[in-house]
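S.K.: Got a structure here, written out as structure tokens. Questions coming.
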Amino acid sequence: MDTTWLTKEELAAWVRLAAVLELLPGTLDSQLRRDAELTNFEYYVLAMLSEATDNTLRMTALAALTNATLPRLSHVVRRLEDRGLVERFPCPEDHRATNTRLTPAGWRKVEQSAPGHVATVRKHVIDALTPEQIGQLTEITDAVLQRLDPAGKMTALYRRHDAVES
């Protein structure tokens, strides 16, 4: 195989992106563990349920939204269920499927956790950038996502947050 090595500029960009990918999850996880007793992934699961109709999703749909395997998601949902934040029940339309619903306690946890999470995202990412750079970041991540997710498996997750022109 003939390798096309990275140029100095490409390598400089890549190592910075790799550092962000390594450091940001720990930063988000630390804040949520400290302030909300949740992991970043647990918060993500709760947030996806909070945005769903009736705060309910099939486990397969929740797995797709969170890009998780069903075994990993099942383990996390079991932990959240043990804490009274979600409940699982047979899907009324297909009894072979299982639904997960955010409980009132889960909704309160999302409401209590969201401000600190958003403040952390703002402090470490958004406020570090100019408005122009925010637009560039969207364009850059779209280009990378086209390569990482060519089938558009996760497109609905991030496109729903795009600004709508009026």
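Ordering of the structure tokens sets the chain letters (A, B, ...), residue numbers begin anew at 1 in every chain, and ligands are numbered from 1 in the order given.
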Would you kindly return, as a PDB file with C-alpha atoms, in the first residue's frame, each protein, DNA or RNA residue with an atom no farther than 12 Å from any atom of His75 in chain A, considering only C-alpha atoms and excluding same-chain residues fewer than 3 positions away?

M.R.:
```pdb
ATOM      1  CA  PHE A  41     -23.301   9.131  28.005  1.00  0.00           C
ATOM      2  CA  GLU A  42     -26.026   8.780  30.672  1.00  0.00           C
ATOM      3  CA  VAL A  45     -29.417   9.112  26.807  1.00  0.00           C
ATOM      4  CA  MET A  59     -34.447   0.857  22.525  1.00  0.00           C
ATOM      5  CA  ALA A  63     -29.370   3.093  20.268  1.00  0.00           C
ATOM      6  CA  ALA A  68     -24.544   2.828  20.927  1.00  0.00           C
ATOM      7  CA  THR A  69     -24.678  -0.922  20.651  1.00  0.00           C
ATOM      8  CA  LEU A  70     -27.792  -2.459  22.167  1.00  0.00           C
ATOM      9  CA  PRO A  71     -25.770  -4.260  24.880  1.00  0.00           C
ATOM     10  CA  ARG A  72     -24.033  -1.030  25.957  1.00  0.00           C
ATOM     11  CA  ARG A  78     -30.533  -0.523  33.490  1.00  0.00           C
ATOM     12  CA  ARG A  79     -28.371   1.786  35.657  1.00  0.00           C
ATOM     13  CA  LEU A  80     -30.677   4.731  34.935  1.00  0.00           C
ATOM     14  CA  GLU A  81     -33.713   2.550  35.642  1.00  0.00           C
ATOM     15  CA  ASP A  82     -32.226   1.492  39.001  1.00  0.00           C
TER      16      ASP A  82
END
```

S.K.: Among chain A, which ones does DSSP place in helix (DSSP H, G or I), written as an MDAnalysis selection string?

M.R.: chainID A and resid 8:36 40:51 53:55 59:66 70:82 104:124 126:128 131:148 155:159

S.K.: Just C-alpha atoms for this one: save the residues we selected as a CSV table (one decimal), in the first residue's frame.

M.R.:
```
chain,number,residue,atom,x,y,z
A,8,LYS,CA,3.2,19.6,8.1
A,9,GLU,CA,0.0,21.6,7.9
A,10,GLU,CA,-2.2,18.5,7.8
A,11,LEU,CA,-0.4,17.0,10.7
A,12,ALA,CA,-0.6,20.2,12.8
A,13,ALA,CA,-4.4,20.2,12.2
A,14,TRP,CA,-4.8,16.4,12.9
A,15,VAL,CA,-2.9,16.4,16.2
A,16,ARG,CA,-4.9,19.3,17.4
A,17,LEU,CA,-8.2,17.6,16.5
A,18,ALA,CA,-7.0,14.4,18.1
A,19,ALA,CA,-6.2,16.3,21.3
A,20,VAL,CA,-9.7,17.8,21.3
A,21,LEU,CA,-11.2,14.4,20.8
A,22,GLU,CA,-9.2,13.1,23.7
A,23,LEU,CA,-9.7,15.9,26.2
A,24,LEU,CA,-13.3,17.1,25.6
A,25,PRO,CA,-15.1,13.9,26.6
A,26,GLY,CA,-13.2,13.9,29.9
A,27,THR,CA,-14.1,17.5,30.5
A,28,LEU,CA,-17.8,16.9,29.9
A,29,ASP,CA,-17.8,13.7,31.9
A,30,SER,CA,-16.0,15.3,34.9
A,31,GLN,CA,-18.5,18.2,35.1
A,32,LEU,CA,-21.6,15.9,34.8
A,33,ARG,CA,-20.2,13.4,37.3
A,34,ARG,CA,-19.4,16.2,39.8
A,35,ASP,CA,-22.6,18.3,39.4
A,36,ALA,CA,-25.2,15.7,38.4
A,40,ASN,CA,-21.7,12.1,29.8
A,41,PHE,CA,-23.3,9.1,28.0
A,42,GLU,CA,-26.0,8.8,30.7
A,43,TYR,CA,-26.8,12.5,30.2
A,44,TYR,CA,-26.9,12.0,26.5
A,45,VAL,CA,-29.4,9.1,26.8
A,46,LEU,CA,-31.6,11.2,29.1
A,47,ALA,CA,-31.4,14.2,26.8
A,48,MET,CA,-32.4,12.1,23.7
A,49,LEU,CA,-35.4,10.8,25.7
A,50,SER,CA,-36.3,14.3,26.9
A,51,GLU,CA,-36.6,15.5,23.2
A,53,THR,CA,-42.4,12.4,21.7
A,54,ASP,CA,-43.9,11.5,25.1
A,55,ASN,CA,-40.2,11.2,26.3
A,59,MET,CA,-34.4,0.9,22.5
A,60,THR,CA,-33.4,0.4,18.9
A,61,ALA,CA,-34.2,4.0,18.1
A,62,LEU,CA,-32.4,5.2,21.2
A,63,ALA,CA,-29.4,3.1,20.3
A,64,ALA,CA,-29.3,4.7,16.8
A,65,LEU,CA,-29.6,8.2,18.2
A,66,THR,CA,-26.8,7.7,20.7
A,70,LEU,CA,-27.8,-2.5,22.2
A,71,PRO,CA,-25.8,-4.3,24.9
A,72,ARG,CA,-24.0,-1.0,26.0
A,73,LEU,CA,-27.3,0.9,25.9
A,74,SER,CA,-29.1,-1.8,27.8
A,75,HIS,CA,-26.5,-1.7,30.5
A,76,VAL,CA,-26.7,2.1,30.8
A,77,VAL,CA,-30.5,2.1,30.7
A,78,ARG,CA,-30.5,-0.5,33.5
A,79,ARG,CA,-28.4,1.8,35.7
A,80,LEU,CA,-30.7,4.7,34.9
A,81,GLU,CA,-33.7,2.5,35.6
A,82,ASP,CA,-32.2,1.5,39.0
A,104,PRO,CA,-40.7,12.5,36.1
A,105,ALA,CA,-37.5,12.1,38.2
A,106,GLY,CA,-35.5,11.7,34.9
A,107,TRP,CA,-37.1,14.9,33.5
A,108,ARG,CA,-36.0,16.8,36.7
A,109,LYS,CA,-32.5,15.4,36.4
A,110,VAL,CA,-32.3,16.7,32.8
A,111,GLU,CA,-33.6,20.1,33.8
A,112,GLN,CA,-31.1,20.3,36.7
A,113,SER,CA,-28.2,19.0,34.7
A,114,ALA,CA,-28.6,20.9,31.4
A,115,PRO,CA,-27.5,24.4,32.6
A,116,GLY,CA,-24.2,23.1,34.0
A,117,HIS,CA,-23.6,21.0,30.9
A,118,VAL,CA,-24.4,23.9,28.5
A,119,ALA,CA,-22.1,26.2,30.6
A,120,THR,CA,-19.3,23.7,30.2
A,121,VAL,CA,-19.8,23.3,26.5
A,122,ARG,CA,-19.9,27.1,26.2
A,123,LYS,CA,-16.8,27.7,28.3
A,124,HIS,CA,-14.6,25.1,26.6
A,126,ILE,CA,-18.3,27.9,22.0
A,127,ASP,CA,-16.8,30.9,23.8
A,128,ALA,CA,-13.4,30.0,22.5
A,131,PRO,CA,-19.1,33.7,15.3
A,132,GLU,CA,-17.3,33.2,12.0
A,133,GLN,CA,-15.4,30.2,13.5
A,134,ILE,CA,-18.7,28.7,14.7
A,135,GLY,CA,-19.9,28.7,11.1
A,136,GLN,CA,-16.6,27.2,10.0
A,137,LEU,CA,-16.7,24.5,12.6
A,138,THR,CA,-20.2,23.5,11.3
A,139,GLU,CA,-18.8,23.3,7.8
A,140,ILE,CA,-15.7,21.4,8.9
A,141,THR,CA,-17.6,18.9,10.9
A,142,ASP,CA,-20.2,18.4,8.1
A,143,ALA,CA,-17.3,17.6,5.7
A,144,VAL,CA,-15.9,15.0,8.2
A,145,LEU,CA,-19.3,13.6,9.0
A,146,GLN,CA,-19.9,13.0,5.3
A,147,ARG,CA,-16.9,10.6,5.4
A,148,LEU,CA,-17.6,9.0,8.8
A,155,THR,CA,-27.8,13.0,10.1
A,156,ALA,CA,-31.3,13.5,11.7
A,157,LEU,CA,-29.6,13.9,15.1
A,158,TYR,CA,-27.6,17.0,14.1
A,159,ARG,CA,-29.6,18.4,11.2
```

S.K.: Considering only C-alpha atoms, state which residue in the set A:Glu37, A:Thr100, A:Thr130, A:His161 is at the smallest distance from Arg88 in chain A.

M.R.: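 Nearest candidate to Arg88 in chain A out of A:Glu37, A:Thr100, A:Thr130, A:His161: A:Thr100.
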
S.K.: What is the distance, in Å and to one decimal place, between CA of Gly84 in chain A and CA of Thr56 in chain A?

M.R.: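 Atom-to-atom, CA of Gly84 in chain A and CA of Thr56 in chain A are spaced 14.8 Å apart.
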
S.K.: Counting only C-alpha atoms, figure out which residue out of A:Leu129, A:Leu102, A:Leu85, A:Met154 gets nearest to Leu38 in chain A.

M.R.: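 Between A:Leu129, A:Leu102, A:Leu85, A:Met154, the residue approaching Leu38 in chain A most closely is A:Leu85.
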
S.K.: Which residue, A:Val125, A:Arg58, A:Thr3, A:Arg160, has the smallest gap to Asp94 in chain A when you use only C-alpha atoms?

M.R.: A:Arg58
